[in-house]
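Here the structure is laid out as structure tokens; the discussion comes afterwards.
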Amino acid sequence: MERIFTMPEAMKPEQTLYCPGCGHGIAHRLIAELVDEFGIRDRTIGIAPVGCSVFADKYWNFDVISAAHGRAPAVATGMKRGRPESFVICYQGDGDLAAIGTAETIHAANRGEHFVTVFVNNAIYGMTGGQMAPTTLVGQKSMTCQLGRDPEIMGYPIRVCELLKDLPGVAFMARGSVDSPKNVLKTKKYLKKAYSNVLEGKGYSFVEIVSPCPTNWGMTPLKALKWLRENMLEHYELGVFRDRDADG
């Protein structure tokens with residue numbers, strides 16, 4: 001019998017450490033599939049900072065560098081400028097990218113750095129125990145806002161794509177999700193466009209992935225998917241926010 005579905009060469013045959021229902025594993029696979037499809041594994045370098053994303057080196061079968069919390073864009077900038085032939089993927093979570101790493105993210109995008117940023121948004125700090133993140137929804141409960149996020153005290157959840165999309169260095173920016181097969185395929189399409197732009201030297205490319213975190217949301221995997229669709233996707237609209245090719 002012919003095998004039509006196999007593990008990408010850009011992934012290692014390792015058992016996952018991620019919690020049941022976590023979206024990181026799907027994101028990892030999409031990234032690895034495209035590395036294989038573009039034939040760039042020998043020159044791909046991943047940047048994985050503090051957070052659940054730090055485990056990426058256990059699963060990707062290409063070089064991965066750890067970065068200090070929030071500093072992945074700075075490390076990615078140095079790596080790409082120092083080794084311009086490399087293909088650099090900056091893989092970050094919401095606490096890392098949208099909190100301590102906000103400045104690095106904004107300035108890398110504004111400079112039009114030639115790497116791909118993959119931003120996994122699960123609206124909470126996953127690795128450190130479920131504290132409120134910049135992306136936590138209004139009314140959503142966490143370890144540090146146990147009555148729910150109150151915007152009068154804690155501000156509003158940050159929409160990163162909407163914040164960055166008009167910066168002149170941005171070539172492509174989109175938001176996808178991994179809550180359904182249909183959205184997984186759309187997310188892969190966005191990632192493919194981001195890869196193409198960077199490989200063609202068109203500038204900074206950014207894909208946000210809305211993802212469940214059942215453990216820190218206190219839900220089963222199925223309930224987490226339902227909650228994501230009914231709550232997160234209302235606030236975090238899916239789609240393309242900037243495509244320099246289409247915009248002319």
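Residues are named by chain letter and number: chains run A, B, ... in the order of the structure tokens, numbers start at 1 in each chain, and ligands are numbered from 1 in the order shown.
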Report as a Markdown table the residues of range 56-104 of chain A within 10 Å of range 21-31 of chain A, each with its shortest atom pair and distance in Å (one decimal), using only C-alpha atoms, ordered by chain and increasing residue number.
```
| residue | atom | partner | partner_atom | distance |
| --- | --- | --- | --- | --- |
| A:Ala56 | CA | A:His28 | CA | 7.4 |
| A:Tyr59 | CA | A:His28 | CA | 7.6 |
| A:Trp60 | CA | A:His28 | CA | 7.5 |
| A:Ile89 | CA | A:Ile31 | CA | 8.9 |
| A:Tyr91 | CA | A:His28 | CA | 9.4 |
| A:Gly93 | CA | A:His24 | CA | 9.7 |
```
Residues of the last selection are to be written out with C-alpha atoms, as a CSV table (one decimal), in the first residue's frame.
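As a result, out-v4.csv now contains:
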```
chain,number,residue,atom,x,y,z
A,56,ALA,CA,10.8,23.9,19.0
A,59,TYR,CA,10.9,18.8,17.0
A,60,TRP,CA,12.4,20.7,14.0
A,89,ILE,CA,12.0,31.8,11.1
A,91,TYR,CA,8.8,31.6,16.3
A,93,GLY,CA,4.2,33.3,21.6
```
Give the strand (DSSP E) residues of range 146-243 of chain A, as assigned by DSSP on the backbone, as a list of chain:residue names.
A:Val170, A:Ala171, A:Phe172, A:Met173, A:Ala174, A:Arg175, A:Gly176, A:Ser177, A:Tyr204, A:Ser205, A:Phe206, A:Val207, A:Glu208, A:Ile209, A:Val210, A:Gly239, A:Val240, A:Phe241, A:Arg242, A:Asp243
What does the file look like for those residues with N, CA and C atoms, as a PDB file, in the first residue's frame?
```
ATOM      1  N   VAL A 170       6.703  46.225   6.213  1.00  0.00           N
ATOM      2  CA  VAL A 170       5.936  44.975   6.187  1.00  0.00           C
ATOM      3  C   VAL A 170       5.548  44.630   4.752  1.00  0.00           C
ATOM      4  N   ALA A 171       5.940  43.440   4.314  1.00  0.00           N
ATOM      5  CA  ALA A 171       5.572  42.961   2.983  1.00  0.00           C
ATOM      6  C   ALA A 171       4.308  42.118   3.012  1.00  0.00           C
ATOM      7  N   PHE A 172       4.145  41.339   4.099  1.00  0.00           N
ATOM      8  CA  PHE A 172       2.974  40.463   4.194  1.00  0.00           C
ATOM      9  C   PHE A 172       2.618  40.260   5.652  1.00  0.00           C
ATOM     10  N   MET A 173       1.322  40.301   5.928  1.00  0.00           N
ATOM     11  CA  MET A 173       0.849  40.092   7.294  1.00  0.00           C
ATOM     12  C   MET A 173      -0.531  39.451   7.238  1.00  0.00           C
ATOM     13  N   ALA A 174      -0.688  38.337   7.968  1.00  0.00           N
ATOM     14  CA  ALA A 174      -1.965  37.621   7.956  1.00  0.00           C
ATOM     15  C   ALA A 174      -2.187  36.951   9.302  1.00  0.00           C
ATOM     16  N   ARG A 175      -3.464  36.645   9.569  1.00  0.00           N
ATOM     17  CA  ARG A 175      -3.818  35.917  10.783  1.00  0.00           C
ATOM     18  C   ARG A 175      -4.623  34.680  10.403  1.00  0.00           C
ATOM     19  N   GLY A 176      -4.143  33.528  10.852  1.00  0.00           N
ATOM     20  CA  GLY A 176      -4.838  32.267  10.631  1.00  0.00           C
ATOM     21  C   GLY A 176      -5.176  31.597  11.955  1.00  0.00           C
ATOM     22  N   SER A 177      -5.651  30.380  11.879  1.00  0.00           N
ATOM     23  CA  SER A 177      -6.020  29.627  13.074  1.00  0.00           C
ATOM     24  C   SER A 177      -5.789  28.145  12.814  1.00  0.00           C
ATOM     25  N   TYR A 204       9.807  42.023   5.428  1.00  0.00           N
ATOM     26  CA  TYR A 204       9.290  41.387   6.642  1.00  0.00           C
ATOM     27  C   TYR A 204       7.927  40.741   6.387  1.00  0.00           C
ATOM     28  N   SER A 205       7.792  39.489   6.821  1.00  0.00           N
ATOM     29  CA  SER A 205       6.542  38.748   6.638  1.00  0.00           C
ATOM     30  C   SER A 205       6.133  38.105   7.955  1.00  0.00           C
ATOM     31  N   PHE A 206       4.854  38.217   8.283  1.00  0.00           N
ATOM     32  CA  PHE A 206       4.371  37.907   9.630  1.00  0.00           C
ATOM     33  C   PHE A 206       3.059  37.128   9.524  1.00  0.00           C
ATOM     34  N   VAL A 207       2.996  35.981  10.203  1.00  0.00           N
ATOM     35  CA  VAL A 207       1.761  35.201  10.257  1.00  0.00           C
ATOM     36  C   VAL A 207       1.419  34.926  11.714  1.00  0.00           C
ATOM     37  N   GLU A 208       0.268  35.425  12.137  1.00  0.00           N
ATOM     38  CA  GLU A 208      -0.259  35.129  13.466  1.00  0.00           C
ATOM     39  C   GLU A 208      -1.120  33.873  13.381  1.00  0.00           C
ATOM     40  N   ILE A 209      -0.996  32.997  14.377  1.00  0.00           N
ATOM     41  CA  ILE A 209      -1.784  31.766  14.424  1.00  0.00           C
ATOM     42  C   ILE A 209      -2.567  31.733  15.729  1.00  0.00           C
ATOM     43  N   VAL A 210      -3.886  31.850  15.639  1.00  0.00           N
ATOM     44  CA  VAL A 210      -4.739  31.761  16.829  1.00  0.00           C
ATOM     45  C   VAL A 210      -4.829  30.290  17.216  1.00  0.00           C
ATOM     46  N   GLY A 239      -7.576  36.481   8.356  1.00  0.00           N
ATOM     47  CA  GLY A 239      -7.435  36.989   6.996  1.00  0.00           C
ATOM     48  C   GLY A 239      -6.102  37.671   6.759  1.00  0.00           C
ATOM     49  N   VAL A 240      -5.965  38.236   5.572  1.00  0.00           N
ATOM     50  CA  VAL A 240      -4.745  38.951   5.175  1.00  0.00           C
ATOM     51  C   VAL A 240      -4.909  40.431   5.497  1.00  0.00           C
ATOM     52  N   PHE A 241      -3.942  40.994   6.202  1.00  0.00           N
ATOM     53  CA  PHE A 241      -3.990  42.400   6.590  1.00  0.00           C
ATOM     54  C   PHE A 241      -3.068  43.271   5.733  1.00  0.00           C
ATOM     55  N   ARG A 242      -2.063  42.663   5.164  1.00  0.00           N
ATOM     56  CA  ARG A 242      -1.143  43.406   4.285  1.00  0.00           C
ATOM     57  C   ARG A 242      -0.531  42.430   3.302  1.00  0.00           C
ATOM     58  N   ASP A 243      -0.624  42.766   2.037  1.00  0.00           N
ATOM     59  CA  ASP A 243       0.032  41.983   0.991  1.00  0.00           C
ATOM     60  C   ASP A 243       0.531  42.983  -0.042  1.00  0.00           C
TER      61      ASP A 243
END
```
Taking only C-alpha atoms into account, name the residue in A:Phe115, A:Trp217, A:Phe62, A:Tyr18 that is nearest to Val75 in chain A.
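Nearest to Val75 in chain A: A:Phe115.
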Which of range 14-127 of chain A end up as alpha helix (DSSP H) when DSSP is run on this backbone - answer as a ChimeraX atom specification?
/A:24-38,72-82,94-95,102-111
A straight line from CA of Glu33 in chain A to CA of Pro212 in chain A spans 21.1 Å
Which of these, A:His107, A:Lys192, A:Arg244, A:His69, has the shortest distance to Val35 in chain A once you count only C-alpha atoms?
A:Lys192
A:Pro181, A:Gly95, A:Gly155, A:Gly46 ranked by distance to Tyr125 in chain A, top pick (using only C-alpha atoms):
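So, comparing all the options, the nearest one is A:Gly95.
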List the neighbours of Lys58 in chain A out to 10 Å using only C-alpha atoms; skip same-chain residues closer than 6 positions along the sequence, and give me the result as a PDB file with C-alpha atoms, in the first residue's frame.
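Now in result_24.pdb:
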```pdb
ATOM      1  CA  MET A  11      10.674  17.258  11.757  1.00  0.00           C
ATOM      2  CA  LYS A  12      12.272  14.857  14.218  1.00  0.00           C
ATOM      3  CA  PRO A  13      10.445  11.650  15.252  1.00  0.00           C
ATOM      4  CA  GLU A  14       9.989  12.823  18.833  1.00  0.00           C
ATOM      5  CA  GLN A  15       7.022  12.370  21.147  1.00  0.00           C
ATOM      6  CA  THR A  16       5.412  15.714  21.881  1.00  0.00           C
ATOM      7  CA  LEU A  17       5.795  17.475  25.208  1.00  0.00           C
ATOM      8  CA  VAL A  64      17.347  26.331  16.064  1.00  0.00           C
TER       9      VAL A  64
END
```
If we count only C-alpha atoms, what is near Gly130 in chain A at a cut-off of 12 Å, once residues fewer than 4 positions away on the same chain are taken out, given as a ChimeraX atom specification?
/A:51-52,95,122-126,136,140-146,213-218
Export of the given selection (N, CA and C atoms) as a PDB file, in the first residue's frame:
```
ATOM      1  N   GLY A  51       9.229  30.564  26.636  1.00  0.00           N
ATOM      2  CA  GLY A  51       7.807  30.265  26.482  1.00  0.00           C
ATOM      3  C   GLY A  51       7.658  28.862  25.932  1.00  0.00           C
ATOM      4  N   CYS A  52       6.449  28.465  25.624  1.00  0.00           N
ATOM      5  CA  CYS A  52       6.240  27.126  25.069  1.00  0.00           C
ATOM      6  C   CYS A  52       6.996  26.941  23.752  1.00  0.00           C
ATOM      7  N   GLY A  95       2.920  36.197  24.913  1.00  0.00           N
ATOM      8  CA  GLY A  95       3.592  36.880  26.010  1.00  0.00           C
ATOM      9  C   GLY A  95       4.958  37.383  25.593  1.00  0.00           C
ATOM     10  N   ASN A 122      -2.356  32.338  21.906  1.00  0.00           N
ATOM     11  CA  ASN A 122      -3.347  31.556  22.658  1.00  0.00           C
ATOM     12  C   ASN A 122      -3.913  32.345  23.839  1.00  0.00           C
ATOM     13  N   ALA A 123      -3.693  33.653  23.829  1.00  0.00           N
ATOM     14  CA  ALA A 123      -4.343  34.580  24.760  1.00  0.00           C
ATOM     15  C   ALA A 123      -3.990  34.359  26.226  1.00  0.00           C
ATOM     16  N   ILE A 124      -2.822  33.741  26.462  1.00  0.00           N
ATOM     17  CA  ILE A 124      -2.435  33.501  27.856  1.00  0.00           C
ATOM     18  C   ILE A 124      -0.953  33.135  27.907  1.00  0.00           C
ATOM     19  N   TYR A 125      -0.327  33.302  29.057  1.00  0.00           N
ATOM     20  CA  TYR A 125       1.036  32.802  29.255  1.00  0.00           C
ATOM     21  C   TYR A 125       0.939  31.307  29.526  1.00  0.00           C
ATOM     22  N   GLY A 126       1.398  30.494  28.582  1.00  0.00           N
ATOM     23  CA  GLY A 126       1.233  29.054  28.703  1.00  0.00           C
ATOM     24  C   GLY A 126       2.260  28.379  29.595  1.00  0.00           C
ATOM     25  N   THR A 136      -4.921  38.452  26.157  1.00  0.00           N
ATOM     26  CA  THR A 136      -6.045  37.919  26.928  1.00  0.00           C
ATOM     27  C   THR A 136      -7.286  38.780  26.684  1.00  0.00           C
ATOM     28  N   GLN A 140     -11.884  37.510  30.165  1.00  0.00           N
ATOM     29  CA  GLN A 140     -11.249  36.193  30.262  1.00  0.00           C
ATOM     30  C   GLN A 140     -10.484  36.080  31.576  1.00  0.00           C
ATOM     31  N   LYS A 141     -10.600  34.944  32.238  1.00  0.00           N
ATOM     32  CA  LYS A 141      -9.945  34.734  33.518  1.00  0.00           C
ATOM     33  C   LYS A 141      -8.564  34.122  33.331  1.00  0.00           C
ATOM     34  N   SER A 142      -7.665  34.511  34.215  1.00  0.00           N
ATOM     35  CA  SER A 142      -6.327  33.925  34.238  1.00  0.00           C
ATOM     36  C   SER A 142      -5.830  33.928  35.671  1.00  0.00           C
ATOM     37  N   MET A 143      -4.631  33.430  35.896  1.00  0.00           N
ATOM     38  CA  MET A 143      -4.077  33.393  37.247  1.00  0.00           C
ATOM     39  C   MET A 143      -3.885  34.792  37.825  1.00  0.00           C
ATOM     40  N   THR A 144      -3.675  35.775  36.960  1.00  0.00           N
ATOM     41  CA  THR A 144      -3.436  37.135  37.443  1.00  0.00           C
ATOM     42  C   THR A 144      -4.620  38.068  37.207  1.00  0.00           C
ATOM     43  N   CYS A 145      -5.709  37.551  36.708  1.00  0.00           N
ATOM     44  CA  CYS A 145      -6.972  38.318  36.645  1.00  0.00           C
ATOM     45  C   CYS A 145      -8.101  37.309  36.853  1.00  0.00           C
ATOM     46  N   GLN A 146      -8.214  36.861  38.081  1.00  0.00           N
ATOM     47  CA  GLN A 146      -9.096  35.733  38.376  1.00  0.00           C
ATOM     48  C   GLN A 146     -10.582  36.082  38.286  1.00  0.00           C
ATOM     49  N   CYS A 213      -5.235  26.790  24.166  1.00  0.00           N
ATOM     50  CA  CYS A 213      -4.394  26.381  25.293  1.00  0.00           C
ATOM     51  C   CYS A 213      -5.309  25.752  26.344  1.00  0.00           C
ATOM     52  N   PRO A 214      -5.773  24.518  26.120  1.00  0.00           N
ATOM     53  CA  PRO A 214      -6.761  23.909  27.016  1.00  0.00           C
ATOM     54  C   PRO A 214      -6.331  23.868  28.479  1.00  0.00           C
ATOM     55  N   THR A 215      -5.070  23.575  28.742  1.00  0.00           N
ATOM     56  CA  THR A 215      -4.604  23.433  30.125  1.00  0.00           C
ATOM     57  C   THR A 215      -4.794  24.720  30.911  1.00  0.00           C
ATOM     58  N   ASN A 216      -4.285  25.825  30.371  1.00  0.00           N
ATOM     59  CA  ASN A 216      -4.360  27.085  31.108  1.00  0.00           C
ATOM     60  C   ASN A 216      -5.705  27.778  30.969  1.00  0.00           C
ATOM     61  N   TRP A 217      -6.515  27.363  30.021  1.00  0.00           N
ATOM     62  CA  TRP A 217      -7.889  27.848  29.961  1.00  0.00           C
ATOM     63  C   TRP A 217      -8.801  27.047  30.885  1.00  0.00           C
ATOM     64  N   GLY A 218      -8.295  25.924  31.398  1.00  0.00           N
ATOM     65  CA  GLY A 218      -9.085  25.069  32.280  1.00  0.00           C
ATOM     66  C   GLY A 218     -10.212  24.354  31.560  1.00  0.00           C
TER      67      GLY A 218
END
```
Please indicate the distance in Å from CA of Arg71 in chain A to CA of Leu228 in chain A, rounded to one decimal place.
28.0 Å
Contact check, range 36-151 of chain A to range 186-189 of chain A, at most 12 Å, counting only C-alpha atoms, closest pairs as JSON lines:
```
{"residue": "A:Glu37", "atom": "CA", "partner": "A:Lys188", "partner_atom": "CA", "distance": 11.7}
{"residue": "A:Val118", "atom": "CA", "partner": "A:Thr187", "partner_atom": "CA", "distance": 10.7}
{"residue": "A:Phe119", "atom": "CA", "partner": "A:Thr187", "partner_atom": "CA", "distance": 11.7}
{"residue": "A:Val120", "atom": "CA", "partner": "A:Thr187", "partner_atom": "CA", "distance": 11.6}
```
Best match for closeness to Leu222 in chain A among A:Asp96, A:Ala68, A:Pro20, A:Arg83, counting only C-alpha atoms:
A:Pro20
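Minimum atom-to-atom distances from A:Arg81, A:His235, A:Lys202, A:Lys223 to Pro157 in chain A were compared using only C-alpha atoms, and the lowest value belongs to A:His235.
Among the candidate residues A:Glu234, A:Asp42, A:Glu2, A:Pro49, the one lying nearest to Met127 in chain A is A:Pro49, with distances computed using only C-alpha atoms.
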